[in-house]
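All remarks here apply to the structure that follows.
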Amino acid sequence: MKIVNLKVNGVGKAFIAKPETTLLLALREQLGLTGAKRGCAQGACGSCTVLLDGEPVVSCLVPAVTVDGSDVATVEGLADGDKLSHVQQAFLDGFATQCGFCTPGMIMSAEALLDRNPNPTRDEVAEAISGNVCRCTGYEPIISAVLDAAERARL
Amino acid sequence: MLTEVHVPEDVPAAVSLVAAGATIIGGGTSLMPRLNDYASPPTELVSLRRAGLAGVHVDGDTVTIGAMTTLAQIEHDPRLALLHPVVRSIASVPVRTLATVGGNLFARQPHGDLTVALVALNARATLAGRSESELPLTEAGLVTAITAKIPKKGAFRYLKAARRRYNSASLVTVAATIHDESGEVTIALGGVSDRVVRAHAAEAVLSGRPLTEETVHAAAEAELAHLTPADDAYASAWYRKRVFPVHLRRALLGR
Amino acid sequence: MPRVNPIDTDYFKDERKSADFTVIGKTVQRSDALGHVTGRTEFFEDRSFPDLAHVKIHRSAHHHARIDSVDCSEALRVPGVLRVITHADVPSNWYVVLRLIGIEPNDEPVLAEDRVLYKGEPIVAVVADSEAAALEGARRVKVTYTELPAVLDVEEALAEGAPVIKQAGTNYFVYEGHHARRLRFGDVEQGFAQADHVFEWRYSSAPIEHAPTETTGCIVVPQSSGRLLIHSNTQAAFFTLDNTALILDRPFTDLQVKGGTVGGGFGGKVDVMVEPLACIAAMLTNRPVKFVYTREEEMQVSSPRAAERIYIKDGVMNDGRIVARKVMLYVDAGAYSRHSPYGTTKACAHLPGPYTIPNVYADCHCVYTNRTPSSAMRGFGVTIADFALESQMDRLARALDIDPLQFRLINAYRDGDMKAHRKVAEGTALIEVIQRAAALVGHELPDEFRVLSSSTPREA
């Protein structure tokens, strides 16, 4: 067991990690941040997507002890009080959620895309969320919402 | 079951942990899914994340890529534009952020498309404590970097047939380098065997001959006998054998 | 969100009252969406409980086998394993989820007793301090089997001499004494005799997994009152409460189900699979217990949409009228009933499709095989039947060289028509839907088809 330090949504956190503690389990079970979900524990569904040092990762595949000292951003850190991020607001307004289980991971993938590419094409959005499985919506409203978020950011 | 995860700060420390029986983990994208179901025997891991093996070095037309360089880093490195279509054909964005060049050399088929490309580029791997090795690797080891020569523009070809456009394992992957001066073609294939293969039979047919419908067709026919594609949920062996000649043609002739 | 097409209020004007439909056409925010986008929506697994124990299952390695012995001693020696649960620990081991609406017999054990009917059938549940210990314990349970011949195809299951896999004595569900849910209307043989042409085609579908992103699961928390609080992602809280209570042999009031937040269901979370065992584990250990499927379990053992095989034989006239339709439909229920007897009835109720056909004959079989039990999934019974029926309609139109939409309009049911189930059709609107769809895609219909109306009675 090792003590792991992370900066999570800008706040320093320390926890004790067992060898099998993944970043996802640390966030969910030790830091109480349950926005990232366990859908497959295989890196295939993307429900656990968070930003690790600014880049999107499937947190279920990351042993926590290997990322000691890193910066982690989760869906819980996006809103500023009641003010949602552009992506969150666009998902809300564009009915890009249904059951909501994929939504946190989907939003983090979208945030990562827009951080790197503020003017994505529809196709680039599709590529950016290709690791996030949504079984409800059929993806179209999600892609539209990400494009809408990019538009809002430009205003 | 995971009993320990070591995170050594340099290669010698990693090497001694491997010598003591620990399993190397790069990005973890193929190892962790298996470990997450606790189905493994007691396993000690040595993560190379902090061993100083990430980074890209370009010297003239020679590129050296550290083993822990991620596919995402390649994707965003303008000096490696040649490999951008390759890495973008692999998995998804949040997986590419983790997956590494070194790990890809050991990916189980039908994964490992970057290795297909590297084989076609005649890339060589540097292994800790050993001399350089050709790809594909035939034995395990701690890879520190791969080195390749960037061919001149247009000489490298890459085409992957998959079930979906993004985030889909290979049905058939073809990578090739066309050496105009020597009249040789280096061809590597994924999805057609339990490992990445160098298409020697096809290369022999094409050696010294122009690339035409006829010669490429003959090359595909010659190679088919050597292919042992998987029959799996992605595609039947029959289908992969049908797709291979078409994709070899499209890769080499662009049509 | 903009509408693709504004609501067309021209149709059925006299049936619209101005006070109705006040929400249709307006944007109304989902009540749960804010929680979804902020990550605050609480799914069952987002709750944490001190001292949480975990359940994992040892499952059948065979499609069909007699169980000769079960040895849990190795499992009990795994550090962290608290209990093993076998059928002997289940107060009322046999159930069928639909017994609440009078479906019988109870044909499925919570945990297998002397036999297994499908690969992946639960035999022993292991309760442990950690998920890893529960999995290791489940892995160490030793079961010896005598393999039995397996039936993996619906028609083979019904063939003469097929091994009977069900203890009730038939490989099909018995509907009020009959081998199938039957539909009889007119005289189908006479219809075929008078038809200009008779066509018969076969349709089949594979099982389809819902693959919800959140796997099936629950957490059961024993309360100081002695009641059990069940945090579940079930789609059917009351099926869950009632069936669990019956299996536990406890009053319904002993259980409280907290649910309603489901990470994708699509019908895959209406079977009652995890709650009874989690409750038993919680009672035996007096600890909160989580039982959640791994992704692999979700794919392998959660019930999929049933595979179906459908034969449709139609008698048609040169002018496009269908005068007789005979359907032999087989639903592959897999090893146990679950919702399939109901799904098969739905399939039968859906025949012969939204068309008025004077002679109809259908046998809809709910068939047991040694495959993973199938169950509910979005429109089960209806969806695959529609695939078959509408494929059949296209093929018939082609065979008769009639435009496929005109062919449907000729046969479309109308208000006042007597349906094969002897119910009078009302509110049909199929004709108007086809007309509108044709207009939207620029498919020209001749005047005689454009003036048709579902509220105009068919000429005798």
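Just so we're on the same page: first chain in the structure tokens is A, next is B, and so on; residues restart at 1 for each chain, and ligands are numbered from 1 in the order they show up.
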
Practice item. Give me the residues within 10 Å of His421 (chain C) as a PyMOL selection string, counting only C-alpha atoms and dropping any in the same chain fewer than 2 places off. Key: chain C and resi 183-185+348-352+360+418-419+423-425

For chain B, report every residue with an atom at most 10 Å from chain C (counting only C-alpha atoms), formatted as a PDB file with N, CA and C atoms, in the first residue's frame.
ATOM      1  N   MET B   1      -4.402 -11.549  -9.512  1.00  0.00           N
ATOM      2  CA  MET B   1      -4.524 -10.530  -8.470  1.00  0.00           C
ATOM      3  C   MET B   1      -3.212  -9.760  -8.360  1.00  0.00           C
ATOM      4  N   ASN B  36      -8.151  -6.435 -14.106  1.00  0.00           N
ATOM      5  CA  ASN B  36      -9.313  -5.882 -13.411  1.00  0.00           C
ATOM      6  C   ASN B  36     -10.346  -6.934 -13.028  1.00  0.00           C
ATOM      7  N   ASP B  37     -10.344  -8.056 -13.709  1.00  0.00           N
ATOM      8  CA  ASP B  37     -11.318  -9.076 -13.301  1.00  0.00           C
ATOM      9  C   ASP B  37     -10.699 -10.030 -12.276  1.00  0.00           C
ATOM     10  N   TYR B  38      -9.567  -9.666 -11.751  1.00  0.00           N
ATOM     11  CA  TYR B  38      -8.902 -10.415 -10.680  1.00  0.00           C
ATOM     12  C   TYR B  38      -8.591 -11.857 -11.084  1.00  0.00           C
ATOM     13  N   ALA B  39      -8.674 -12.145 -12.370  1.00  0.00           N
ATOM     14  CA  ALA B  39      -8.569 -13.545 -12.789  1.00  0.00           C
ATOM     15  C   ALA B  39      -7.119 -13.986 -12.934  1.00  0.00           C
TER      16      ALA B  39
END

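Within the 8 Å cut-off around region 405-408 of chain C, using only C-alpha atoms and omitting residues fewer than 4 positions from it on the same chain, the listed residues are Gly320, Arg321, Tyr355, Met393, Ala397, Ala412, Ile434, Ala438, Leu445 and Phe449 of chain C.
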
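Counting from CA of Ala388 (chain C), the distance to CA of Gly315 (chain C) is 16.1 Å.
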
Exercise for review: Within region 48-146 of chain C, find each residue whose DSSP state, derived from the backbone, is strand (DSSP E or B), and express the selection as an MDAnalysis selection string.
Suggested key: chainID C and resid 53:59 65:71 81:85 94:95 108:109 115:116 122:128 142:146

Those same residues - C-alpha atoms - I'd like them written as a compact mmCIF listing (two decimals), in the first residue's frame.
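This is the output file again-v1.txt:
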# COMPACT_ATOMS: atom_id res chain seq x y z
CA ALA C 53 -19.75 -7.32 1.39
CA HIS C 54 -19.81 -8.63 -2.19
CA VAL C 55 -21.56 -11.50 -3.94
CA LYS C 56 -20.12 -13.40 -6.89
CA ILE C 57 -21.47 -16.51 -8.56
CA HIS C 58 -20.16 -19.90 -9.54
CA ARG C 59 -21.89 -20.67 -12.83
CA ALA C 65 -26.08 -31.35 -17.30
CA ARG C 66 -26.99 -33.19 -14.15
CA ILE C 67 -25.16 -31.88 -11.11
CA ASP C 68 -23.51 -34.79 -9.34
CA SER C 69 -21.78 -32.90 -6.56
CA VAL C 70 -21.02 -29.42 -5.30
CA ASP C 71 -18.00 -28.87 -3.09
CA VAL C 81 -14.99 -15.32 2.13
CA LEU C 82 -17.85 -15.03 4.61
CA ARG C 83 -20.44 -17.51 3.35
CA VAL C 84 -21.41 -19.67 0.48
CA ILE C 85 -25.05 -19.81 -0.54
CA TRP C 94 -38.46 -21.77 -7.62
CA TYR C 95 -40.09 -18.85 -9.30
CA GLU C 108 -36.61 -21.35 -12.65
CA PRO C 109 -34.49 -21.98 -9.58
CA ARG C 115 -29.38 -29.93 -12.92
CA VAL C 116 -28.39 -26.98 -15.07
CA PRO C 122 -25.98 -19.79 -11.21
CA ILE C 123 -25.18 -22.68 -8.88
CA VAL C 124 -23.44 -21.22 -5.82
CA ALA C 125 -23.21 -17.65 -4.56
CA VAL C 126 -20.14 -16.62 -2.58
CA VAL C 127 -20.24 -13.70 -0.13
CA ALA C 128 -16.95 -12.07 0.78
CA LYS C 142 -16.05 -27.46 -7.46
CA VAL C 143 -19.02 -28.89 -9.30
CA THR C 144 -19.06 -32.27 -10.97
CA TYR C 145 -21.54 -32.88 -13.76
CA THR C 146 -22.92 -35.56 -16.00

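Comparing the minimum interatomic distances between Gly46 (chain A) and each of B:Gly27, B:Pro94, B:Gly183, B:Pro8, counting only C-alpha atoms, we find that B:Pro94 sits nearest.
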
Practice item. When you get a sec, could you note down which chain C residues fall within 10 Å of chain A, using only C-alpha atoms, as a PyMOL selection string? Key: chain C and resi 1-2+27-30+32-43+45-48+132+210-215+261-266+293-296+298

Take the residues that were just selected and, keeping N, CA and C atoms, output them as a compact mmCIF listing (two decimals), in the first residue's frame.
# COMPACT_ATOMS: atom_id res chain seq x y z
N MET C 1 -34.74 22.13 -28.61
CA MET C 1 -34.25 21.34 -29.74
C MET C 1 -35.25 21.47 -30.89
N PRO C 2 -34.79 21.85 -32.07
CA PRO C 2 -35.75 22.07 -33.16
C PRO C 2 -36.40 20.77 -33.61
N THR C 27 -40.68 22.47 -25.60
CA THR C 27 -39.47 21.91 -24.98
C THR C 27 -39.63 21.91 -23.47
N VAL C 28 -39.53 20.74 -22.89
CA VAL C 28 -39.64 20.62 -21.44
C VAL C 28 -38.37 19.92 -20.95
N GLN C 29 -37.66 20.56 -20.07
CA GLN C 29 -36.40 19.98 -19.60
C GLN C 29 -36.66 18.68 -18.84
N ARG C 30 -35.82 17.70 -19.06
CA ARG C 30 -35.90 16.47 -18.27
C ARG C 30 -35.61 16.79 -16.80
N ASP C 32 -34.21 15.00 -14.65
CA ASP C 32 -32.98 14.42 -14.12
C ASP C 32 -31.72 14.89 -14.85
N ALA C 33 -31.90 15.74 -15.86
CA ALA C 33 -30.76 16.05 -16.74
C ALA C 33 -29.67 16.86 -16.03
N LEU C 34 -30.06 17.76 -15.13
CA LEU C 34 -29.05 18.56 -14.44
C LEU C 34 -28.11 17.66 -13.62
N GLY C 35 -28.69 16.67 -12.97
CA GLY C 35 -27.87 15.70 -12.23
C GLY C 35 -26.95 14.93 -13.17
N HIS C 36 -27.46 14.60 -14.35
CA HIS C 36 -26.64 13.84 -15.30
C HIS C 36 -25.41 14.64 -15.74
N VAL C 37 -25.60 15.90 -16.10
CA VAL C 37 -24.46 16.65 -16.65
C VAL C 37 -23.48 17.11 -15.58
N THR C 38 -23.91 17.12 -14.33
CA THR C 38 -22.98 17.51 -13.26
C THR C 38 -22.38 16.30 -12.56
N GLY C 39 -22.82 15.10 -12.94
CA GLY C 39 -22.30 13.89 -12.29
C GLY C 39 -22.92 13.65 -10.93
N ARG C 40 -23.98 14.37 -10.60
CA ARG C 40 -24.57 14.22 -9.27
C ARG C 40 -25.70 13.21 -9.21
N THR C 41 -26.20 12.78 -10.37
CA THR C 41 -27.23 11.74 -10.37
C THR C 41 -26.68 10.53 -9.62
N GLU C 42 -27.46 10.01 -8.69
CA GLU C 42 -26.95 8.92 -7.87
C GLU C 42 -27.44 7.57 -8.40
N PHE C 43 -26.57 6.84 -9.04
CA PHE C 43 -26.88 5.47 -9.45
C PHE C 43 -26.62 4.55 -8.25
N GLU C 45 -24.77 2.19 -7.55
CA GLU C 45 -23.39 1.87 -7.16
C GLU C 45 -22.64 3.11 -6.68
N ASP C 46 -23.27 4.27 -6.77
CA ASP C 46 -22.62 5.49 -6.30
C ASP C 46 -22.78 5.68 -4.79
N ARG C 47 -23.56 4.82 -4.18
CA ARG C 47 -23.72 4.92 -2.73
C ARG C 47 -22.65 4.05 -2.06
N SER C 48 -22.12 4.53 -0.96
CA SER C 48 -21.12 3.69 -0.28
C SER C 48 -21.62 3.36 1.12
N ALA C 132 -12.69 -9.12 -4.95
CA ALA C 132 -11.65 -10.06 -5.35
C ALA C 132 -11.80 -11.39 -4.62
N HIS C 210 -28.86 -6.23 -24.68
CA HIS C 210 -29.14 -4.81 -24.47
C HIS C 210 -27.86 -4.02 -24.24
N ALA C 211 -26.88 -4.68 -23.60
CA ALA C 211 -25.59 -4.04 -23.28
C ALA C 211 -25.75 -2.65 -22.67
N PRO C 212 -26.48 -2.55 -21.57
CA PRO C 212 -26.55 -1.24 -20.89
C PRO C 212 -25.16 -0.85 -20.41
N THR C 213 -24.86 0.45 -20.38
CA THR C 213 -23.52 0.83 -19.92
C THR C 213 -23.36 0.54 -18.43
N GLU C 214 -24.44 0.60 -17.69
CA GLU C 214 -24.39 0.22 -16.27
C GLU C 214 -24.87 -1.23 -16.19
N THR C 215 -24.04 -2.10 -15.63
CA THR C 215 -24.45 -3.50 -15.55
C THR C 215 -25.50 -3.67 -14.45
N THR C 261 -33.39 5.02 -10.90
CA THR C 261 -32.24 5.54 -11.64
C THR C 261 -31.53 4.34 -12.27
N VAL C 262 -31.66 4.26 -13.58
CA VAL C 262 -31.23 3.06 -14.31
C VAL C 262 -30.25 3.48 -15.39
N GLY C 263 -29.06 2.93 -15.35
CA GLY C 263 -28.04 3.29 -16.35
C GLY C 263 -28.20 2.49 -17.62
N GLY C 264 -29.35 2.64 -18.22
CA GLY C 264 -29.66 1.87 -19.44
C GLY C 264 -30.35 0.59 -19.06
N GLY C 265 -31.53 0.38 -19.61
CA GLY C 265 -32.28 -0.83 -19.28
C GLY C 265 -32.70 -1.55 -20.55
N PHE C 266 -33.59 -0.90 -21.29
CA PHE C 266 -34.06 -1.42 -22.57
C PHE C 266 -34.77 -2.76 -22.42
N TYR C 293 -23.32 -7.37 -11.70
CA TYR C 293 -22.72 -8.16 -12.76
C TYR C 293 -21.43 -7.51 -13.26
N THR C 294 -20.44 -8.32 -13.59
CA THR C 294 -19.31 -7.83 -14.37
C THR C 294 -19.81 -7.63 -15.80
N ARG C 295 -19.01 -6.93 -16.57
CA ARG C 295 -19.40 -6.75 -17.98
C ARG C 295 -19.53 -8.12 -18.65
N GLU C 296 -18.66 -9.03 -18.31
CA GLU C 296 -18.70 -10.36 -18.93
C GLU C 296 -20.01 -11.07 -18.58
N GLU C 298 -22.80 -9.60 -17.74
CA GLU C 298 -23.87 -8.88 -18.43
C GLU C 298 -24.01 -9.42 -19.86

Check your understanding: Taking only C-alpha atoms into account, which residues of chain A are within 8 Å of chain B, as a PyMOL selection string?
Key -> chain A and resi 19-20+41-43+46+49+55-58+61-63+65-66+109+127-131

Check your understanding: Which distance in Å separates CA of Asp80 (chain A) and CA of Val67 (chain A), to one decimal?
Key -> 26.1 Å

Review point. If you count only C-alpha atoms, which residues fall within 10 Å of Ala237 (chain B), apart from same-chain ones fewer than 5 positions away, as a PyMOL selection string?
Key: chain B and resi 171+191-193+227-232+242-243

Given the selection you just returned, output its residues as a file containing C-alpha atoms, formatted as a compact mmCIF listing (two decimals), in the first residue's frame.
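Dumped everything to again.txt:
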# COMPACT_ATOMS: atom_id res chain seq x y z
CA LEU B 171 -10.05 -6.99 -39.75
CA GLY B 191 -5.42 -9.15 -38.64
CA VAL B 192 -4.33 -12.11 -40.68
CA SER B 193 -2.46 -14.18 -38.10
CA LEU B 227 -2.24 -16.28 -43.89
CA THR B 228 -3.89 -17.84 -40.85
CA PRO B 229 -6.50 -15.26 -39.88
CA ALA B 230 -8.62 -15.63 -36.79
CA ASP B 231 -12.25 -16.64 -36.91
CA ASP B 232 -13.64 -14.35 -34.26
CA ARG B 242 -11.48 -11.95 -48.92
CA VAL B 243 -10.65 -8.48 -47.64
